[in-house]
Amino acid sequence: MNKKTKTPFFHIVKRGEIPRWESIMIHAIALILALILCAILTTLLTGQNPIDVYATMFEGNFGTERKTWILLHLLAVLLGISLALTPAFKMRFWNIGGEGQVLIGCMASGAVMHNWPQLPNALLLLLMLIAALAAGALWGFLPAICKAKWGTNETLFTLMMNYVAIQITAYYTIRWEVPKGSGKIGIINQASHKGWLPSIAGQQYLPTILVVALLTVLLYFYLKYSKQGYEIAVVGESERTARYVGIKVEHVIVRTMSLTGALCGLMGFLLVSGSAHTITTTLSDGRGFTGVMVAWMGKFNPIIMIFTSFLISFMGNGAQEVASRFHLNHSFSDILTGIIIFFLIGCEFFVSYKLSHNKKGKEE
Amino acid sequence: MRKKWLAILACIAMVATLFAGCGGSDSSGGDSEGSDMKVGFIFLHDENSTYDLNFINAAKAAGKELGIPEENIILKTNVPEGQECYETAADLADSGCGIIFADSFGHEDYMIQAAQEFPDVQFCHATGTKAHTEKLDNYHNAFASIYEGRFLAGVAAGMKLNEMIEKGEIKKEEAKIGYIGAYTYAEVVSGYTSFFLGARHECPSATMEVTFTGSWYDETAEKEAANKLMDNKCVLISQHADSMGAPTACESRGVPDVSYNGSTKDAAPNTYIISSRIDWTPYFVYAIKAAQAGEAIDVDWTGTLQTKSVLLTELNEDVAAKGTQDEIDKITKELEDGSLHVFDTSAFTVEGKNLDSYKADVDTDADYTPDTEVISDGYFHESEYRAAPYFDLRIDGIKLLDEAY
């Protein structure tokens, strides 16, 4: 009797650490494959030349000086929010409340800007900053202290805090609306520019970009070289180990989440005083969630996160140009972005695992 | 070591990005004139919203009418009411547009911001309120006397109520209309009041209940609001919000509906009566022509029945009462020749009294200060002191179920 055993074509093997160049190669291959798939889809679905679509995307980002500044600003805001979220995630604290932490920062600084336009500009900006930091920190502190004291679920808690922030903002939007009944506040202090961050070298977005650049460097060193950064890493790897080596885990959780919240608040301040100059419930525009993806894709490394947030901003910004040039719906560009992100996240599998051929005839 | 070169690479990429940006810039807006002038349009949503579709169709129609080549008409959809609107407007100016339109109320401040920066480019904002106080040569508002269209749609509703009373389906005092509004904004108040006055012009015993959804587009909320009103024994529904929520809710319960922004007959063949809408084509044609010729554009342009800006869409003969079209034609004439005014002060009361004077908040400010006398010659002068509606009186016969928004 011949016993027939089926051997699968390949099997999966866990990899150890792989050299960085190999990891970069895997990501590059994934990106190229994603672009090829996008190209095929573009041709099949719209009949457009995919090279033209990519070129248009490029033009939508670098076509004029203004477009490039817009890209850099989008990049800075997304990167800043992702950076703010990084400490908590590195600690494996599942904070999906970035959206609310940014929004409450917007709300707090917008409230100061709306209510005290008579103050000198420097003082007003300072108060707005403090209000935003405090409000953001509070939005991070509350779920953290409840987790540390009573072991509440941080995912649900932070998620619900988003809705609290949205409802507070919605309430004040109606309270401060102009004209009556319109549900819109409009630009605050449009004539006096009170509470607006000053332009640097005529560039309105430059202050935001510089602050985020500084934040990137600071956070890189904080996470990598400071004692607190080390504590975050240890708590993230294993709470028990952290306890064993004498780290006060509860203390670290509360401190880190307050920091994350405050940094989100800072981004809210930059959004309101640096560009939007108004309050709406959609100011953070989903970036509190996209930021989570950026942070994970960048493996919590602020330098790599520049690239991941660049990619997402580039695609988003190019989408408008593609939609307008080819009379395509915006959703089409979203599909392309989705494919690219899917490939980039999917390729992480090949960074951690390897597929091995099962050679024929080889018996276990 | 590797981290170091990665960081260096990052810096190079950033710098290259900057240079690429500077290299490609030769932006200066507004120097193109004549028929090869580019025209830019900014829309809040895309063609999936009835409101924006109405604008997009008008933009295309105006381009066709003026013989502007398609590549010179730039449409930007899904532009939020925020900084993005300013960025888009400035970008359109960069790419050589001589005139730029925006379609949503919340775009206004950002259009003004762009208008201040590009004095040679004309900025036209539909539904806005600030052009007459901003005093910029290149910033303009436009609207239409849609209250006249609403009144005529109300006439169709009133005749339907009369028919129901005659057939014995409802008693005279049960002729209650339900109305779904977005916000308690003057545009909505003006709309439901003129609609109600049109209905009462035909059916004197008509009353109305109004509820607000707090959103211009919220299908679920609009549907629920319609159901709530029908549960309250409203026998006819109308709405001022942009989704299909109310029409489909009416269709599933067989309650007649007067629609807005365009016909909803396809989705509600058994309940749709008529709809009023603004056709923006005449304004677009007028403003583009003026910009091409270098002539001044009105600060506040109000389209009317005469300019064909205010239209009624197809009357559904299967649902509407007999003779509705004739009555609408008759009243249209009366409105056009001025023998009938929608907001005739003898036709409505506020807290039991007829008004002979009212100061409206025409100049937009944070305190809603009443600033302009708008009642004279026996009627409320809507859309005369500025194009956007400012009728915000709560008249007797209309019950507001909530005013949260």
# chains A, B, ... in the order shown; residues from 1 in each chain; ligands from 1
>>> residues_around(residues="segment 252-257 of chain A", least_positions_apart="4", cutoff="12 Å", atoms="only C-alpha atoms", output="PDB file with C-alpha atoms, in the first residue's frame")
ATOM      1  CA  ALA A  84       1.815  62.754  19.615  1.00  0.00           C
ATOM      2  CA  LEU A  85       0.222  59.313  19.549  1.00  0.00           C
ATOM      3  CA  THR A  86       3.529  57.444  19.470  1.00  0.00           C
ATOM      4  CA  PRO A  87       4.520  57.407  23.183  1.00  0.00           C
ATOM      5  CA  ALA A  88       1.213  55.838  24.232  1.00  0.00           C
ATOM      6  CA  PHE A  89       1.284  53.226  21.489  1.00  0.00           C
ATOM      7  CA  LYS A  90       4.868  52.358  22.147  1.00  0.00           C
ATOM      8  CA  MET A  91       3.710  51.643  25.690  1.00  0.00           C
ATOM      9  CA  ARG A  92       1.007  49.384  24.128  1.00  0.00           C
ATOM     10  CA  PHE A  93      -1.693  51.645  25.494  1.00  0.00           C
ATOM     11  CA  TRP A  94      -4.414  51.395  22.859  1.00  0.00           C
ATOM     12  CA  ASN A  95      -5.314  55.039  22.573  1.00  0.00           C
ATOM     13  CA  ILE A  96      -7.784  55.556  19.744  1.00  0.00           C
ATOM     14  CA  GLY A  97      -8.844  58.885  21.183  1.00  0.00           C
ATOM     15  CA  GLY A  98      -6.351  60.997  19.233  1.00  0.00           C
ATOM     16  CA  GLN A 101      -7.583  64.907  22.023  1.00  0.00           C
ATOM     17  CA  GLY A 136      -5.491  67.725  25.527  1.00  0.00           C
ATOM     18  CA  ALA A 137      -3.629  66.493  28.609  1.00  0.00           C
ATOM     19  CA  LEU A 138      -6.917  66.118  30.481  1.00  0.00           C
ATOM     20  CA  TRP A 139      -8.349  64.065  27.591  1.00  0.00           C
ATOM     21  CA  GLY A 140      -5.313  61.778  27.874  1.00  0.00           C
ATOM     22  CA  PHE A 141      -5.176  61.769  31.670  1.00  0.00           C
ATOM     23  CA  LEU A 142      -8.776  60.654  32.319  1.00  0.00           C
ATOM     24  CA  PRO A 143      -8.628  57.301  30.500  1.00  0.00           C
ATOM     25  CA  ALA A 144      -5.113  56.679  31.848  1.00  0.00           C
ATOM     26  CA  ILE A 145      -5.928  57.274  35.513  1.00  0.00           C
ATOM     27  CA  CYS A 146      -9.033  55.084  35.246  1.00  0.00           C
ATOM     28  CA  LYS A 147      -6.941  52.357  33.626  1.00  0.00           C
ATOM     29  CA  ALA A 148      -4.215  52.655  36.253  1.00  0.00           C
ATOM     30  CA  LYS A 149      -6.573  52.748  39.243  1.00  0.00           C
ATOM     31  CA  GLY A 151      -8.209  48.671  35.147  1.00  0.00           C
ATOM     32  CA  GLU A 154      -8.588  52.105  27.499  1.00  0.00           C
ATOM     33  CA  THR A 158     -10.556  56.818  24.671  1.00  0.00           C
ATOM     34  CA  TYR A 222      12.946  61.386  24.173  1.00  0.00           C
ATOM     35  CA  LEU A 223      11.935  57.910  23.094  1.00  0.00           C
ATOM     36  CA  LYS A 227      14.991  57.433  30.992  1.00  0.00           C
ATOM     37  CA  GLN A 228      11.273  58.026  30.515  1.00  0.00           C
ATOM     38  CA  GLY A 229      11.493  56.807  26.940  1.00  0.00           C
ATOM     39  CA  TYR A 230      13.180  53.654  28.162  1.00  0.00           C
ATOM     40  CA  GLU A 231      10.460  53.125  30.760  1.00  0.00           C
ATOM     41  CA  ILE A 232       7.843  53.444  28.037  1.00  0.00           C
ATOM     42  CA  ALA A 233       9.608  50.793  25.985  1.00  0.00           C
ATOM     43  CA  VAL A 234       9.885  48.400  28.921  1.00  0.00           C
ATOM     44  CA  VAL A 235       6.235  48.803  29.929  1.00  0.00           C
ATOM     45  CA  GLY A 236       5.300  48.234  26.295  1.00  0.00           C
ATOM     46  CA  GLU A 239       4.393  45.124  32.270  1.00  0.00           C
ATOM     47  CA  ALA A 242       8.696  46.643  34.241  1.00  0.00           C
ATOM     48  CA  ARG A 243       7.288  45.969  37.686  1.00  0.00           C
ATOM     49  CA  GLY A 246      10.977  48.605  39.843  1.00  0.00           C
ATOM     50  CA  ILE A 247       9.231  50.822  37.291  1.00  0.00           C
ATOM     51  CA  LYS A 248       5.989  52.291  38.659  1.00  0.00           C
ATOM     52  CA  GLY A 261      -2.884  64.142  25.103  1.00  0.00           C
ATOM     53  CA  ALA A 262      -0.982  67.379  25.592  1.00  0.00           C
ATOM     54  CA  LEU A 263       0.886  66.922  22.300  1.00  0.00           C
ATOM     55  CA  CYS A 264      -2.413  66.234  20.532  1.00  0.00           C
TER      56      CYS A 264
END
>>> interface_residues(of="chain A", to="chain B", cutoff="6 Å", atoms="only C-alpha atoms", output="PDB file with N, CA and C atoms, in the first residue's frame")
ATOM      1  N   PHE A  62       3.398  69.104  -6.393  1.00  0.00           N
ATOM      2  CA  PHE A  62       4.586  69.929  -6.617  1.00  0.00           C
ATOM      3  C   PHE A  62       4.415  70.886  -7.790  1.00  0.00           C
ATOM      4  N   GLY A  63       3.182  70.968  -8.339  1.00  0.00           N
ATOM      5  CA  GLY A  63       2.948  71.776  -9.532  1.00  0.00           C
ATOM      6  C   GLY A  63       3.270  73.245  -9.330  1.00  0.00           C
ATOM      7  N   THR A  64       2.922  73.783  -8.179  1.00  0.00           N
ATOM      8  CA  THR A  64       3.229  75.184  -7.891  1.00  0.00           C
ATOM      9  C   THR A  64       3.803  75.269  -6.484  1.00  0.00           C
ATOM     10  N   GLU A  65       4.356  76.420  -6.189  1.00  0.00           N
ATOM     11  CA  GLU A  65       4.917  76.612  -4.856  1.00  0.00           C
ATOM     12  C   GLU A  65       3.827  76.439  -3.797  1.00  0.00           C
ATOM     13  N   THR A  68       3.030  72.887  -3.019  1.00  0.00           N
ATOM     14  CA  THR A  68       4.055  72.252  -2.197  1.00  0.00           C
ATOM     15  C   THR A  68       3.912  72.659  -0.736  1.00  0.00           C
ATOM     16  N   VAL A 178     -22.415  82.432  13.542  1.00  0.00           N
ATOM     17  CA  VAL A 178     -22.692  83.708  12.884  1.00  0.00           C
ATOM     18  C   VAL A 178     -22.965  83.425  11.414  1.00  0.00           C
ATOM     19  N   GLY A 181     -28.471  80.745  13.438  1.00  0.00           N
ATOM     20  CA  GLY A 181     -29.130  79.607  12.814  1.00  0.00           C
ATOM     21  C   GLY A 181     -28.305  78.895  11.767  1.00  0.00           C
ATOM     22  N   SER A 182     -27.131  79.467  11.410  1.00  0.00           N
ATOM     23  CA  SER A 182     -26.386  78.890  10.296  1.00  0.00           C
ATOM     24  C   SER A 182     -25.553  77.687  10.702  1.00  0.00           C
ATOM     25  N   ALA A 276      -6.674  77.068  10.346  1.00  0.00           N
ATOM     26  CA  ALA A 276      -8.136  77.099  10.169  1.00  0.00           C
ATOM     27  C   ALA A 276      -8.770  78.378  10.704  1.00  0.00           C
ATOM     28  N   SER A 324     -10.204  66.431 -10.295  1.00  0.00           N
ATOM     29  CA  SER A 324     -10.594  67.575 -11.103  1.00  0.00           C
ATOM     30  C   SER A 324     -10.117  67.435 -12.550  1.00  0.00           C
TER      31      SER A 324
END
>>> residues_around(residues="Glu348 of chain A", least_positions_apart="5", cutoff="12 Å", atoms="only C-alpha atoms", output="list in words")
Arg15, Ile18, Glu22, Ser23, Ile24, Met25, Ile26, His27, Ala28, Ile29, Ala30, Trp296, Met297, Gly298, Lys299, Ile341, Phe342, Phe343, Tyr353 and Lys354 of chain A
>>> write_last_selection(atoms="C-alpha atoms", output="CSV table (one decimal), in the first residue's frame")
chain,number,residue,atom,x,y,z
A,15,ARG,CA,12.4,35.1,10.9
A,18,ILE,CA,16.6,40.9,9.5
A,22,GLU,CA,16.4,43.7,3.5
A,23,SER,CA,13.5,45.3,5.3
A,24,ILE,CA,13.7,48.4,3.0
A,25,MET,CA,13.9,46.1,0.0
A,26,ILE,CA,10.7,44.3,1.0
A,27,HIS,CA,8.9,47.6,1.5
A,28,ALA,CA,10.1,48.9,-1.9
A,29,ILE,CA,8.9,45.7,-3.6
A,30,ALA,CA,5.6,46.1,-2.0
A,296,TRP,CA,2.6,51.7,13.4
A,297,MET,CA,3.8,51.7,9.9
A,298,GLY,CA,6.7,53.8,11.0
A,299,LYS,CA,7.4,51.4,13.8
A,341,ILE,CA,-1.4,51.1,2.3
A,342,PHE,CA,-2.7,47.6,2.2
A,343,PHE,CA,0.5,46.4,0.4
A,353,TYR,CA,8.1,35.6,8.4
A,354,LYS,CA,9.6,33.9,5.4
>>> select_by_dssp(residues="segment 199-300 of chain B", states="helix (DSSP H, G or I)", output="ChimeraX atom specification")
/B:199-202,219-231,245-253,281-293
>>> write_last_selection(atoms="C-alpha atoms", output="compact mmCIF listing (two decimals), in the first residue's frame")
# COMPACT_ATOMS: atom_id res chain seq x y z
CA ALA B 199 -50.46 76.74 0.96
CA ARG B 200 -52.69 78.97 3.11
CA HIS B 201 -53.37 81.17 0.09
CA GLU B 202 -55.31 78.17 -1.26
CA GLU B 219 -30.54 60.98 5.37
CA THR B 220 -31.41 59.14 8.58
CA ALA B 221 -32.32 62.26 10.54
CA GLU B 222 -34.47 63.57 7.68
CA LYS B 223 -36.27 60.26 7.38
CA GLU B 224 -36.90 60.08 11.12
CA ALA B 225 -38.10 63.67 11.15
CA ALA B 226 -40.57 62.90 8.35
CA ASN B 227 -41.84 59.85 10.23
CA LYS B 228 -42.20 61.89 13.42
CA LEU B 229 -44.25 64.53 11.60
CA MET B 230 -46.44 61.89 9.97
CA ASP B 231 -46.99 60.30 13.41
CA GLY B 245 -34.69 60.91 3.43
CA ALA B 246 -38.02 62.74 3.49
CA PRO B 247 -39.24 61.82 -0.03
CA THR B 248 -38.61 58.10 0.52
CA ALA B 249 -40.22 58.15 3.98
CA CYS B 250 -43.31 59.77 2.44
CA GLU B 251 -43.40 57.26 -0.39
CA SER B 252 -43.36 54.30 1.98
CA ARG B 253 -46.31 55.72 3.93
CA THR B 281 -27.04 79.05 -14.96
CA PRO B 282 -28.31 82.62 -15.55
CA TYR B 283 -26.05 83.95 -12.78
CA PHE B 284 -22.99 82.04 -13.96
CA VAL B 285 -23.54 83.28 -17.51
CA TYR B 286 -24.02 86.86 -16.34
CA ALA B 287 -20.98 86.90 -14.03
CA ILE B 288 -18.61 85.15 -16.45
CA LYS B 289 -19.64 87.48 -19.26
CA ALA B 290 -19.02 90.50 -17.05
CA ALA B 291 -15.62 89.17 -15.99
CA GLN B 292 -14.65 88.47 -19.60
CA ALA B 293 -15.61 92.00 -20.60
>>> atom_distance(atom1="atom CA of His140 of chain B", atom2="atom CA of Asp36 of chain B")
22.0 Å
>>> residues_around(residues="Lys172 of chain B", least_positions_apart="3", cutoff="7 Å", atoms="only C-alpha atoms", output="list in words")
Ile165, Ala175 and Ser205 of chain B
>>> residues_around(residues="Met164 of chain B", least_positions_apart="2", cutoff="12 Å", atoms="only C-alpha atoms", output="PyMOL selection string")
chain B and resi 157-162+166-176+203+206+235-236+255-256+319-322
>>> write_last_selection(atoms="N, CA and C atoms", output="compact mmCIF listing (two decimals), in the first residue's frame")
# COMPACT_ATOMS: atom_id res chain seq x y z
N ALA B 157 -49.33 72.57 -2.80
CA ALA B 157 -49.61 71.83 -1.56
C ALA B 157 -51.01 72.19 -1.04
N GLY B 158 -51.35 73.48 -1.05
CA GLY B 158 -52.65 73.94 -0.57
C GLY B 158 -53.78 73.33 -1.37
N MET B 159 -53.58 73.24 -2.68
CA MET B 159 -54.64 72.65 -3.52
C MET B 159 -54.80 71.18 -3.23
N LYS B 160 -53.68 70.52 -2.93
CA LYS B 160 -53.76 69.09 -2.57
C LYS B 160 -54.55 68.93 -1.26
N LEU B 161 -54.31 69.83 -0.30
CA LEU B 161 -55.04 69.78 0.97
C LEU B 161 -56.54 69.98 0.72
N ASN B 162 -56.86 70.95 -0.13
CA ASN B 162 -58.27 71.19 -0.47
C ASN B 162 -58.92 69.94 -1.04
N GLU B 166 -62.13 67.96 0.36
CA GLU B 166 -63.31 67.73 -0.47
C GLU B 166 -63.67 66.25 -0.55
N LYS B 167 -62.63 65.41 -0.65
CA LYS B 167 -62.88 63.97 -0.74
C LYS B 167 -63.28 63.37 0.60
N GLY B 168 -63.20 64.17 1.64
CA GLY B 168 -63.58 63.68 2.96
C GLY B 168 -62.49 62.87 3.65
N GLU B 169 -61.27 62.90 3.10
CA GLU B 169 -60.18 62.14 3.74
C GLU B 169 -59.76 62.77 5.06
N ILE B 170 -59.81 64.10 5.11
CA ILE B 170 -59.49 64.80 6.36
C ILE B 170 -60.54 65.88 6.58
N LYS B 171 -60.65 66.32 7.84
CA LYS B 171 -61.53 67.45 8.11
C LYS B 171 -60.76 68.74 7.86
N LYS B 172 -61.50 69.82 7.75
CA LYS B 172 -60.89 71.12 7.47
C LYS B 172 -59.74 71.44 8.42
N GLU B 173 -60.01 71.24 9.73
CA GLU B 173 -59.01 71.63 10.73
C GLU B 173 -57.87 70.62 10.84
N GLU B 174 -57.95 69.54 10.09
CA GLU B 174 -56.86 68.56 10.12
C GLU B 174 -55.84 68.79 9.01
N ALA B 175 -55.98 69.89 8.29
CA ALA B 175 -55.07 70.16 7.18
C ALA B 175 -53.72 70.64 7.73
N LYS B 176 -52.97 69.70 8.26
CA LYS B 176 -51.69 70.06 8.88
C LYS B 176 -50.51 69.59 8.03
N CYS B 203 -55.62 77.15 0.90
CA CYS B 203 -56.36 76.41 1.93
C CYS B 203 -56.26 77.17 3.25
N ALA B 206 -55.13 75.75 6.75
CA ALA B 206 -53.88 75.00 6.87
C ALA B 206 -53.04 75.46 8.07
N VAL B 235 -50.48 65.67 7.21
CA VAL B 235 -51.02 64.95 6.05
C VAL B 235 -50.27 65.29 4.76
N LEU B 236 -49.29 66.18 4.86
CA LEU B 236 -48.49 66.54 3.69
C LEU B 236 -47.13 67.00 4.20
N VAL B 255 -47.78 59.39 1.91
CA VAL B 255 -48.14 60.77 2.25
C VAL B 255 -47.55 61.71 1.19
N PRO B 256 -48.35 62.62 0.62
CA PRO B 256 -47.82 63.48 -0.45
C PRO B 256 -46.68 64.38 0.02
N VAL B 319 -50.49 62.84 -8.77
CA VAL B 319 -50.65 63.10 -7.34
C VAL B 319 -51.29 64.46 -7.10
N ALA B 320 -50.90 65.45 -7.87
CA ALA B 320 -51.37 66.82 -7.64
C ALA B 320 -52.88 66.92 -7.87
N ALA B 321 -53.48 67.91 -7.21
CA ALA B 321 -54.91 68.14 -7.39
C ALA B 321 -55.17 68.67 -8.80
N LYS B 322 -56.42 68.48 -9.25
CA LYS B 322 -56.78 68.97 -10.59
C LYS B 322 -56.67 70.49 -10.66
>>> residues_around(residues="Thr216 of chain A", least_positions_apart="3", cutoff="10 Å", atoms="only C-alpha atoms", output="ChimeraX atom specification")
/A:76,79-80,83-84,210-213,219-222,301-303,305-306
>>> write_last_selection(atoms="N, CA and C atoms", output="compact mmCIF listing (two decimals), in the first residue's frame")
# COMPACT_ATOMS: atom_id res chain seq x y z
N ALA A 76 2.96 68.01 7.84
CA ALA A 76 3.33 68.42 9.20
C ALA A 76 2.23 68.09 10.19
N LEU A 79 1.96 64.28 10.59
CA LEU A 79 3.14 63.79 11.30
C LEU A 79 3.07 64.20 12.77
N GLY A 80 2.68 65.43 13.02
CA GLY A 80 2.61 65.91 14.40
C GLY A 80 1.64 65.09 15.23
N LEU A 83 3.11 61.68 15.80
CA LEU A 83 4.16 61.75 16.82
C LEU A 83 3.54 61.81 18.21
N ALA A 84 2.48 62.62 18.32
CA ALA A 84 1.81 62.75 19.62
C ALA A 84 1.29 61.41 20.10
N LEU A 210 7.68 74.21 11.26
CA LEU A 210 8.88 74.27 12.09
C LEU A 210 8.64 73.60 13.45
N VAL A 211 7.48 73.87 14.05
CA VAL A 211 7.17 73.28 15.35
C VAL A 211 7.18 71.76 15.24
N VAL A 212 6.57 71.24 14.17
CA VAL A 212 6.51 69.78 14.02
C VAL A 212 7.91 69.22 13.75
N ALA A 213 8.72 69.95 12.99
CA ALA A 213 10.09 69.48 12.75
C ALA A 213 10.85 69.37 14.08
N LEU A 219 11.12 64.24 20.04
CA LEU A 219 10.51 62.96 20.38
C LEU A 219 11.44 61.80 20.05
N TYR A 220 12.24 61.98 19.00
CA TYR A 220 13.22 60.95 18.64
C TYR A 220 14.17 60.73 19.81
N PHE A 221 14.67 61.82 20.37
CA PHE A 221 15.62 61.69 21.48
C PHE A 221 14.91 61.24 22.76
N TYR A 222 13.70 61.76 22.97
CA TYR A 222 12.95 61.39 24.17
C TYR A 222 12.72 59.88 24.22
N ASN A 301 9.21 54.99 15.00
CA ASN A 301 10.44 55.73 14.78
C ASN A 301 10.11 57.05 14.09
N PRO A 302 10.30 58.18 14.78
CA PRO A 302 9.89 59.47 14.23
C PRO A 302 10.47 59.73 12.84
N ILE A 303 11.67 59.25 12.57
CA ILE A 303 12.27 59.52 11.26
C ILE A 303 11.55 58.74 10.16
N MET A 305 8.55 57.77 10.34
CA MET A 305 7.19 58.30 10.27
C MET A 305 7.10 59.49 9.33
N ILE A 306 8.20 60.19 9.11
CA ILE A 306 8.18 61.27 8.12
C ILE A 306 7.79 60.70 6.76
>>> residues_around(residues="segment 310-314 of chain B", least_positions_apart="2", cutoff="7 Å", atoms="only C-alpha atoms", output="PyMOL selection string")
chain B and resi 144-146+149+262-263+274-279+303-305+308+316
